[in-house]
file model-v5.cif (mmCIF, C-alpha atoms)
data_work
loop_
_atom_site.label_atom_id
_atom_site.label_comp_id
_atom_site.auth_asym_id
_atom_site.auth_seq_id
_atom_site.Cartn_x
_atom_site.Cartn_y
_atom_site.Cartn_z
CA MET A 280 47.01 75.46 86.00
CA SER A 281 49.78 76.53 83.65
CA ALA A 282 50.55 80.16 82.98
CA ASP A 283 49.68 80.01 79.29
CA GLN A 284 46.05 79.05 80.12
CA THR A 285 45.17 81.92 82.45
CA TRP A 286 47.92 84.56 82.31
CA GLN A 287 48.40 87.42 79.91
CA SER A 288 51.85 88.24 78.55
CA VAL A 289 52.38 91.97 78.14
CA SER A 290 55.23 94.39 77.62
CA LEU A 291 56.55 96.01 80.77
CA GLU A 292 55.59 99.47 79.51
CA ALA A 293 51.94 98.32 79.31
CA VAL A 294 51.76 97.84 83.07
CA ALA A 295 54.50 100.12 84.44
CA GLN A 296 56.17 103.47 83.84
CA ILE A 297 59.92 103.47 83.11
CA VAL A 298 61.82 106.46 84.53
CA ASN A 299 65.40 107.36 83.57
CA GLY A 300 68.00 108.61 86.03
CA GLY A 301 70.63 111.33 86.08
CA THR A 302 73.43 113.02 88.01
CA PRO A 303 73.69 116.72 88.90
CA ARG A 304 76.99 118.49 88.29
CA SER A 305 79.43 117.34 90.96
CA ASP A 306 81.12 120.75 91.18
CA VAL A 307 77.97 122.58 92.29
CA ALA A 308 77.81 122.24 96.06
CA GLU A 309 74.22 123.41 96.38
CA TYR A 310 73.05 120.41 94.35
CA TRP A 311 74.21 117.93 96.99
CA ASP A 312 73.53 116.88 100.59
CA GLY A 313 69.85 117.66 100.67
CA ASP A 314 66.67 115.75 101.43
CA VAL A 315 66.34 113.81 98.14
CA GLN A 316 67.55 110.21 98.35
CA TRP A 317 69.76 109.33 95.34
CA LEU A 318 70.83 105.78 94.45
CA THR A 319 73.64 104.36 92.27
CA PRO A 320 74.46 100.83 91.03
CA LYS A 321 77.41 100.76 93.44
CA ASP A 322 75.10 101.47 96.38
CA MET A 323 72.78 98.70 95.22
CA GLY A 324 75.64 96.22 94.99
CA GLN A 325 76.32 96.72 98.71
CA MET A 326 72.71 96.16 99.81
CA ARG A 327 71.81 93.16 101.95
CA SER A 328 68.04 93.68 101.74
CA ARG A 329 65.62 94.08 98.87
CA GLU A 330 64.25 97.29 100.41
CA ILE A 331 66.06 100.61 100.78
CA ALA A 332 64.95 103.69 102.70
CA SER A 333 68.07 105.89 102.64
CA THR A 334 71.11 106.31 100.42
CA PRO A 335 74.76 107.24 101.04
CA ARG A 336 74.43 110.42 98.95
CA THR A 337 71.52 112.82 98.66
CA LEU A 338 70.48 115.67 96.39
CA THR A 339 68.85 119.00 97.07
CA GLN A 340 65.70 120.05 95.29
CA ALA A 341 67.92 122.30 93.15
CA GLY A 342 70.05 119.31 92.20
CA LEU A 343 66.95 117.38 91.22
CA GLN A 344 65.54 120.24 89.16
CA ASN A 345 68.82 121.01 87.38
CA SER A 346 69.59 117.47 86.20
CA SER A 347 67.90 114.61 84.43
CA ALA A 348 67.43 112.81 87.76
CA ARG A 349 63.80 112.14 88.62
CA GLN A 350 62.11 110.76 91.71
CA VAL A 351 59.94 107.67 91.67
CA PRO A 352 57.27 107.08 94.31
CA GLU A 353 57.53 104.68 97.21
CA ASN A 354 57.33 100.97 96.30
CA SER A 355 58.76 101.38 92.84
CA ILE A 356 61.48 99.03 91.62
CA ILE A 357 64.90 100.50 90.90
CA LEU A 358 66.99 98.43 88.49
CA SER A 359 70.69 98.98 87.73
CA THR A 360 71.01 99.01 83.95
CA ARG A 361 74.77 99.42 83.63
CA ALA A 362 77.90 98.45 85.54
CA PRO A 363 76.34 95.97 86.22
CA ILE A 364 72.90 95.15 84.85
CA GLY A 365 70.57 93.48 87.34
CA HIS A 366 70.87 94.95 90.85
CA LEU A 367 67.38 95.48 92.27
CA ALA A 368 65.83 97.52 95.06
CA ILE A 369 62.38 98.45 96.33
CA ASN A 370 62.46 102.05 97.54
CA LYS A 371 60.59 102.71 100.77
CA GLN A 372 60.35 106.44 100.19
CA PRO A 373 60.44 108.67 97.09
CA MET A 374 63.87 108.25 95.54
CA ALA A 375 66.03 109.42 92.63
CA PHE A 376 68.97 107.62 91.04
CA ASN A 377 71.77 108.14 88.57
CA GLN A 378 71.87 107.34 84.86
CA GLY A 379 73.08 103.81 85.61
CA CYS A 380 69.60 102.94 86.88
CA ARG A 381 66.00 102.91 85.74
CA GLY A 382 62.97 103.31 87.97
CA ILE A 383 59.98 101.07 87.26
CA VAL A 384 56.71 102.38 88.66
CA PRO A 385 54.08 99.60 88.65
CA GLY A 386 50.55 100.42 87.57
CA ASP A 387 47.29 99.38 89.20
CA HIS A 388 47.39 95.84 87.80
CA LEU A 389 50.93 94.99 88.93
CA ASP A 390 52.04 94.17 92.47
CA HIS A 391 55.46 95.72 93.15
CA HIS A 392 56.74 92.62 94.98
CA PHE A 393 55.60 90.44 92.07
CA LEU A 394 57.51 92.76 89.72
CA TYR A 395 60.60 92.57 91.94
CA TYR A 396 60.59 88.76 91.92
CA PHE A 397 59.97 88.67 88.16
CA LEU A 398 62.99 90.89 87.46
CA LEU A 399 65.05 88.85 89.94
CA ALA A 400 64.14 85.70 88.04
CA ASN A 401 65.16 87.28 84.72
CA ARG A 402 68.43 89.05 85.55
CA THR A 403 70.37 86.87 83.13
CA GLU A 404 67.92 87.64 80.32
CA LEU A 405 68.06 91.36 81.09
CA ASP A 406 71.85 91.28 81.06
CA GLU A 407 71.83 89.56 77.67
CA LEU A 408 69.79 92.46 76.27
CA GLY A 409 72.53 94.89 77.22
CA THR A 410 74.63 96.43 74.46
CA GLY A 411 77.80 98.52 74.28
CA ALA A 412 81.51 98.11 73.63
CA THR A 413 82.99 99.84 76.69
CA PHE A 414 80.35 98.54 79.11
CA LYS A 415 76.99 96.86 78.62
CA GLU A 416 73.88 98.94 79.17
CA LEU A 417 70.23 97.94 79.11
CA SER A 418 68.40 100.61 77.13
CA THR A 419 65.08 102.10 78.18
CA GLY A 420 63.55 100.82 74.95
CA ALA A 421 64.64 97.24 75.60
CA LEU A 422 63.30 97.41 79.15
CA ARG A 423 59.96 98.81 78.02
CA SER A 424 59.44 96.00 75.52
CA PHE A 425 60.50 93.24 77.93
CA GLU A 426 57.63 90.74 78.27
CA ILE A 427 56.14 90.00 81.69
CA PRO A 428 53.50 87.34 82.50
CA LEU A 429 50.53 88.98 84.20
CA PRO A 430 48.21 86.83 86.31
CA PRO A 431 45.31 88.43 88.19
CA LEU A 432 46.28 90.52 91.22
CA ASP A 433 45.09 87.92 93.72
CA GLU A 434 47.31 85.33 92.02
CA GLN A 435 50.24 87.76 92.11
CA THR A 436 49.67 88.18 95.84
CA ARG A 437 49.57 84.41 96.36
CA ILE A 438 52.83 83.92 94.42
CA VAL A 439 54.56 86.68 96.38
CA ALA A 440 53.47 85.14 99.69
CA LYS A 441 54.80 81.72 98.64
CA LEU A 442 58.13 83.15 97.52
CA ASP A 443 58.46 85.30 100.64
CA GLN A 444 57.92 82.24 102.83
CA ALA A 445 60.42 80.13 100.89
CA PHE A 446 63.05 82.87 100.69
CA VAL A 447 62.92 83.50 104.43
CA ALA A 448 63.88 79.86 104.96
CA LEU A 449 66.58 80.03 102.27
CA ASP A 450 68.01 83.25 103.73
CA ARG A 451 68.11 81.61 107.15
CA ALA A 452 69.97 78.63 105.70
CA ARG A 453 72.44 80.93 103.97
CA ALA A 454 73.00 82.95 107.16
CA ASN A 455 73.69 79.74 109.10
CA ALA A 456 76.15 78.62 106.44
CA GLU A 457 77.91 82.00 106.52
CA ALA A 458 78.14 81.90 110.32
CA ASN A 459 79.64 78.41 110.22
CA LEU A 460 82.14 79.52 107.59
CA GLU A 461 83.17 82.59 109.60
CA ALA A 462 83.62 80.56 112.77
CA ALA A 463 85.68 77.92 110.95
CA ALA A 464 87.82 80.54 109.19
CA LYS A 465 88.73 82.19 112.49
CA LEU A 466 89.51 78.93 114.28
CA PRO A 467 93.12 78.35 113.07
CA GLU A 468 94.19 81.92 113.85
CA THR A 469 92.39 82.00 117.19
CA TRP A 470 93.84 78.66 118.23
CA LEU A 471 97.41 79.72 117.41
CA GLN A 472 97.07 83.10 119.12
CA GLU A 473 95.80 81.47 122.31
CA LEU A 474 98.56 78.86 122.10
CA PHE A 475 101.38 81.37 121.77
CA GLU A 476 99.91 83.68 124.42
CA GLY A 477 100.50 80.82 126.87
CA SER A 478 104.05 80.06 125.74
CA GLU A 479 105.96 81.95 128.48
CA ALA A 480 107.35 78.71 129.91
CA TRP A 481 109.02 77.70 126.64
CA PRO A 482 112.67 78.55 126.00
CA THR A 483 113.11 81.52 123.66
CA HIS A 484 115.53 81.72 120.74
CA THR A 485 116.11 84.46 118.24
CA LEU A 486 115.28 83.61 114.65
CA ALA A 487 119.01 83.87 113.83
CA ASP A 488 119.62 80.95 116.23
CA LEU A 489 117.08 78.74 114.46
CA CYS A 490 117.92 79.16 110.79
CA GLU A 491 120.39 80.38 108.19
CA ASN A 492 119.59 83.58 106.34
CA LEU A 493 120.21 83.28 102.57
CA ASP A 494 119.34 86.83 101.57
CA ARG A 495 122.79 87.22 100.02
CA LEU A 496 121.78 84.79 97.28
CA ARG A 497 118.70 86.73 96.13
CA VAL A 498 118.76 88.36 92.71
CA PRO A 499 115.99 90.74 91.64
CA ILE A 500 115.15 90.94 87.92
CA THR A 501 113.23 93.86 86.43
CA LYS A 502 110.15 92.81 84.52
CA SER A 503 111.60 93.82 81.17
CA ASP A 504 114.69 91.63 81.78
CA ARG A 505 112.88 88.49 82.90
CA GLU A 506 113.13 85.55 80.52
CA PRO A 507 109.78 83.69 80.56
CA GLY A 508 109.87 80.15 81.92
CA ASP A 509 108.18 77.78 84.34
CA ILE A 510 110.15 78.60 87.52
CA PRO A 511 108.18 80.60 90.11
CA TYR A 512 109.59 84.07 90.76
CA TYR A 513 108.80 85.08 94.35
CA GLY A 514 108.29 88.49 95.88
CA ALA A 515 107.03 89.78 99.23
CA SER A 516 103.63 88.08 99.08
CA GLY A 517 104.19 85.04 96.89
CA VAL A 518 104.64 84.25 93.21
CA VAL A 519 104.72 87.39 91.04
CA ASP A 520 105.92 85.82 87.78
CA HIS A 521 107.53 82.75 86.20
CA VAL A 522 111.03 82.84 84.77
CA LYS A 523 113.72 80.68 83.21
CA GLY A 524 116.47 79.45 85.54
CA HIS A 525 116.54 79.27 89.33
CA LEU A 526 118.50 80.39 92.38
CA PHE A 527 117.23 77.81 94.90
CA ASP A 528 116.17 74.17 94.80
CA GLU A 529 115.22 73.13 98.34
CA ASP A 530 112.70 73.62 101.14
CA LEU A 531 112.81 77.22 102.38
CA LEU A 532 110.79 79.74 104.34
CA LEU A 533 110.23 83.14 102.76
CA VAL A 534 109.29 86.16 104.89
CA SER A 535 108.05 89.48 103.51
CA GLU A 536 110.70 92.18 103.71
CA ASP A 537 108.61 95.20 102.76
CA GLY A 538 105.16 96.36 101.78
CA ALA A 539 101.89 97.36 103.45
CA ASN A 540 101.02 93.71 104.05
CA LEU A 541 103.56 93.58 106.89
CA LEU A 542 101.07 95.58 108.95
CA ALA A 543 97.76 94.96 107.17
CA ARG A 544 98.27 91.17 107.11
CA THR A 545 95.92 90.64 104.19
CA TYR A 546 98.16 87.75 103.12
CA PRO A 547 100.52 85.56 105.15
CA ILE A 548 103.91 87.23 105.61
CA ALA A 549 105.73 83.89 106.00
CA PHE A 550 105.26 81.13 103.43
CA SER A 551 107.11 77.93 102.64
CA ILE A 552 108.43 77.02 99.19
CA SER A 553 109.88 73.80 97.84
CA GLY A 554 111.85 72.93 94.73
CA LYS A 555 113.31 75.25 92.11
CA ALA A 556 112.64 78.93 92.69
CA TRP A 557 113.86 82.46 92.04
CA VAL A 558 113.48 85.03 94.84
CA ASN A 559 113.78 88.79 94.51
CA ASN A 560 114.91 91.22 97.21
CA HIS A 561 111.41 91.78 98.64
CA ALA A 562 111.36 88.48 100.54
CA HIS A 563 113.84 87.17 103.11
CA VAL A 564 115.06 83.60 102.48
CA LEU A 565 115.49 81.30 105.50
CA ARG A 566 116.89 77.76 105.58
CA PHE A 567 116.04 75.45 108.50
CA SER A 568 117.66 72.18 109.47
CA ASP A 569 114.33 70.37 109.78
CA SER A 570 110.83 70.81 108.36
CA THR A 571 109.05 70.76 111.71
CA THR A 572 110.96 73.77 113.03
CA GLN A 573 110.43 75.59 109.75
CA GLU A 574 106.68 75.00 109.85
CA PHE A 575 106.50 75.93 113.55
CA VAL A 576 108.25 79.24 112.84
CA ARG A 577 105.96 79.91 109.86
CA LEU A 578 102.92 79.45 112.08
CA TYR A 579 104.39 81.67 114.76
CA LEU A 580 105.35 84.54 112.46
CA ASN A 581 101.93 84.52 110.85
CA SER A 582 100.15 84.64 114.22
CA ILE A 583 101.99 87.56 115.86
CA SER A 584 102.10 91.27 115.14
CA LEU A 585 105.34 92.37 113.49
CA LYS A 586 104.72 96.03 114.22
CA PRO A 587 107.50 96.21 116.88
CA TYR A 588 110.05 95.03 114.29
CA VAL A 589 108.87 97.04 111.27
CA THR A 590 110.30 100.44 110.35
CA GLY A 591 108.54 103.06 108.24
CA MET A 592 104.79 103.61 108.09
CA ALA A 593 104.43 104.91 104.52
CA GLN A 594 106.56 102.04 103.22
CA PRO A 595 106.85 99.43 105.97
CA LYS A 596 110.07 97.40 106.00
CA LEU A 597 111.27 94.42 108.02
CA ASN A 598 115.04 94.55 107.61
CA GLN A 599 117.32 91.56 108.07
CA ALA A 600 118.65 92.65 111.46
CA ALA A 601 115.15 93.09 112.87
CA LEU A 602 114.02 89.75 111.42
CA ASN A 603 117.00 87.91 112.84
CA GLY A 604 116.32 89.38 116.29
CA ILE A 605 112.68 88.27 116.56
CA PRO A 606 112.36 86.03 119.67
CA VAL A 607 110.61 82.74 119.04
CA PRO A 608 109.30 80.53 121.88
CA MET A 609 110.59 77.04 121.16
CA PRO A 610 109.09 74.02 122.99
CA ALA A 611 110.54 70.53 122.89
CA VAL A 612 110.69 68.72 119.55
CA ASP A 613 107.74 66.44 120.29
CA VAL A 614 105.61 69.39 121.42
CA ARG A 615 106.54 71.32 118.27
CA ALA A 616 105.54 68.35 116.12
CA GLU A 617 102.18 68.02 117.90
CA ILE A 618 101.46 71.74 117.49
CA VAL A 619 102.22 71.54 113.77
CA ARG A 620 100.02 68.45 113.42
CA LYS A 621 97.13 70.07 115.27
CA ALA A 622 97.45 73.32 113.31
CA HIS A 623 97.28 71.40 110.03
CA GLN A 624 94.26 69.48 111.26
CA ILE A 625 92.40 72.68 112.20
CA SER A 626 93.30 74.31 108.87
CA ALA A 627 92.00 71.25 107.01
CA GLU A 628 88.74 71.46 108.97
CA ALA A 629 88.42 75.14 108.06
CA ALA A 630 89.04 74.31 104.39
CA ARG A 631 86.34 71.63 104.49
CA ALA A 632 83.95 74.15 106.05
CA ALA A 633 84.71 76.58 103.23
CA ASP A 634 84.05 73.86 100.64
CA ASN A 635 80.78 72.98 102.37
CA TYR A 636 79.76 76.64 102.39
CA ILE A 637 80.48 76.98 98.67
CA ALA A 638 78.43 73.87 97.94
CA GLN A 639 75.56 74.99 100.20
CA SER A 640 75.56 78.47 98.66
CA ALA A 641 75.40 76.99 95.17
CA ASP A 642 72.52 74.72 96.22
CA ILE A 643 70.63 77.63 97.80
CA ALA A 644 71.14 79.83 94.72
CA ALA A 645 69.96 77.01 92.42
CA LEU A 646 66.89 76.40 94.56
CA ARG A 647 66.03 80.11 94.60
CA GLN A 648 66.27 80.30 90.82
CA SER A 649 64.26 77.10 90.40
CA MET A 650 61.47 78.49 92.58
CA LEU A 651 61.46 81.77 90.68
CA GLN A 652 61.24 79.98 87.36
CA ALA A 653 58.37 77.87 88.69
CA ALA A 654 56.58 80.97 89.96
CA PHE A 655 56.57 82.70 86.59
CA SER A 656 55.63 79.64 84.60
CA GLY A 657 52.52 79.02 86.74
CA GLN A 658 54.03 75.95 88.45
CA LEU A 659 54.44 77.27 91.99
CA THR A 660 52.02 75.35 94.21
#

call {"tool": "encode", "arguments": {"input": "model-v5.cif", "output": "structure tokens"}}
result
Amino acid sequence: MSADQTWQSVSLEAVAQIVNGGTPRSDVAEYWDGDVQWLTPKDMGQMRSREIASTPRTLTQAGLQNSSARQVPENSIILSTRAPIGHLAINKQPMAFNQGCRGIVPGDHLDHHFLYYFLLANRTELDELGTGATFKELSTGALRSFEIPLPPLDEQTRIVAKLDQAFVALDRARANAEANLEAAAKLPETWLQELFEGSEAWPTHTLADLCENLDRLRVPITKSDREPGDIPYYGASGVVDHVKGHLFDEDLLLVSEDGANLLARTYPIAFSISGKAWVNNHAHVLRFSDSTTQEFVRLYLNSISLKPYVTGMAQPKLNQAALNGIPVPMPAVDVRAEIVRKAHQISAEAARAADNYIAQSADIAALRQSMLQAAFSGQLT
């Protein structure tokens, strides 16, 4: 049966109570750290489950009474209505929330899980109702008048059971895809670390023995003095701008000279460039006699800790003398070439795994939305 034959369509306020949120004054200590759970859109964005029983911050009863925050009973739906619109949670105990949320307390004719799935299916539509120049906000009035299809309670229960069953399978598929992605992402780094941990038998050379340092040719340009162009302008972690003119036109290895990334390693600290380029004084410039050695050194530098060679903790720096003195295990040419080949192969496999994960995630999200749409149009069998 289709929804339009057996289901009513009513405004949300006809079957649920809408409750606004609020925040006590932050400078009054006795309003905070009490026994009242208090939720924000930011907290909701970090949730991995639809249900929430405790929150990072709590209010006291005084904080609740001296603000516009209000508690909603267990098994209400809390919806973020600004920054962003659309996060959802089912509270498993009485809970308050800030002004970026609304609480929706279902009445006797509305199953709270059915309401949750309905709002989940209509997050795009709710977002489109948001207004505001600085940031979009879904008003209480717009939420109250939002139309919801209302089948009988036993039909709501059946729909919820079907969606629960399907979403368990979809969540399992997503978790498997995430695990495969994580394992593949770690493989190149793990493989290199294990390789170099067993490199004691290889002859060791300092970096100064393996390449020519071209730092003397670097020229930094302040942002206001840069002439726009199509030549990449490199800094410590890669391209920071594009300029007119170039300093280099060859294959080179750049190594970060300063910055927190030397220790945090959020980005690679050694990266190869080719062709015309401009390099500022935040990246060392190294020229190698052959591409295999250059790539081998890039892999090595990105797999080891540079902490022993870095000075300064507040502003870490890898100076030229320290860089030149880094010992590099150097196997025979054919072994180097095989290591480079294998490393590229593993990286390509990791990239394919990432592409597969993106595709699988998109398919899972599309299937979830398709099932939700079917559920609320009476087509879920």

call {"tool": "resolve_selection", "arguments": {"input": "model-v5.cif", "expression": "the PyMOL selection byres ((chain A and resi 647-657) around 10)", "output": "VMD selection string"}}
result
chain A and resid 280 to 286 393 396 to 401 427 to 430 434 to 435 438 to 439 441 to 442 445 to 446 449 to 450 641 to 646 658 to 660

call {"tool": "closest_atom_pairs", "arguments": {"input": "model-v5.cif", "of": "stretch 399-489 of chain A", "to": "stretch 368-388 of chain A", "cutoff": "10 Å", "atoms": "all atoms listed in the file", "output": "JSON lines"}}
result
{"residue": "A:Glu416", "atom": "CA", "partner": "A:Gly379", "partner_atom": "CA", "distance": 8.1}
{"residue": "A:Leu417", "atom": "CA", "partner": "A:Gly379", "partner_atom": "CA", "distance": 9.2}
{"residue": "A:Ser418", "atom": "CA", "partner": "A:Arg381", "partner_atom": "CA", "distance": 9.2}
{"residue": "A:Thr419", "atom": "CA", "partner": "A:Arg381", "partner_atom": "CA", "distance": 7.7}
{"residue": "A:Leu422", "atom": "CA", "partner": "A:Arg381", "partner_atom": "CA", "distance": 9.0}
{"residue": "A:Arg423", "atom": "CA", "partner": "A:Ile383", "partner_atom": "CA", "distance": 9.5}
{"residue": "A:Leu429", "atom": "CA", "partner": "A:His388", "partner_atom": "CA", "distance": 8.4}
{"residue": "A:Pro430", "atom": "CA", "partner": "A:His388", "partner_atom": "CA", "distance": 9.2}
{"residue": "A:Pro431", "atom": "CA", "partner": "A:His388", "partner_atom": "CA", "distance": 7.7}
{"residue": "A:Leu432", "atom": "CA", "partner": "A:His388", "partner_atom": "CA", "distance": 6.4}
{"residue": "A:Gln435", "atom": "CA", "partner": "A:His388", "partner_atom": "CA", "distance": 9.6}

call {"tool": "resolve_selection", "arguments": {"input": "model-v5.cif", "expression": "the PyMOL selection byres ((chain A and resi 460) around 12)", "output": "PyMOL selection string"}}
result
chain A and resi 453-459+461-466+628-640

call {"tool": "atom_distance", "arguments": {"input": "model-v5.cif", "atom1": "atom CA of A:Ile618", "atom2": "atom CA of A:Ala515"}}
result
26.3 Å

call {"tool": "closest_residue", "arguments": {"input": "model-v5.cif", "among": "A:Gln287, A:Thr571, A:Arg304, A:Arg349", "to": "A:Asp613", "atoms": "all atoms listed in the file"}}
result
A:Thr571

call {"tool": "atom_distance", "arguments": {"input": "model-v5.cif", "atom1": "atom CA of A:Phe550", "atom2": "atom CA of A:Val498"}}
result
18.7 Å
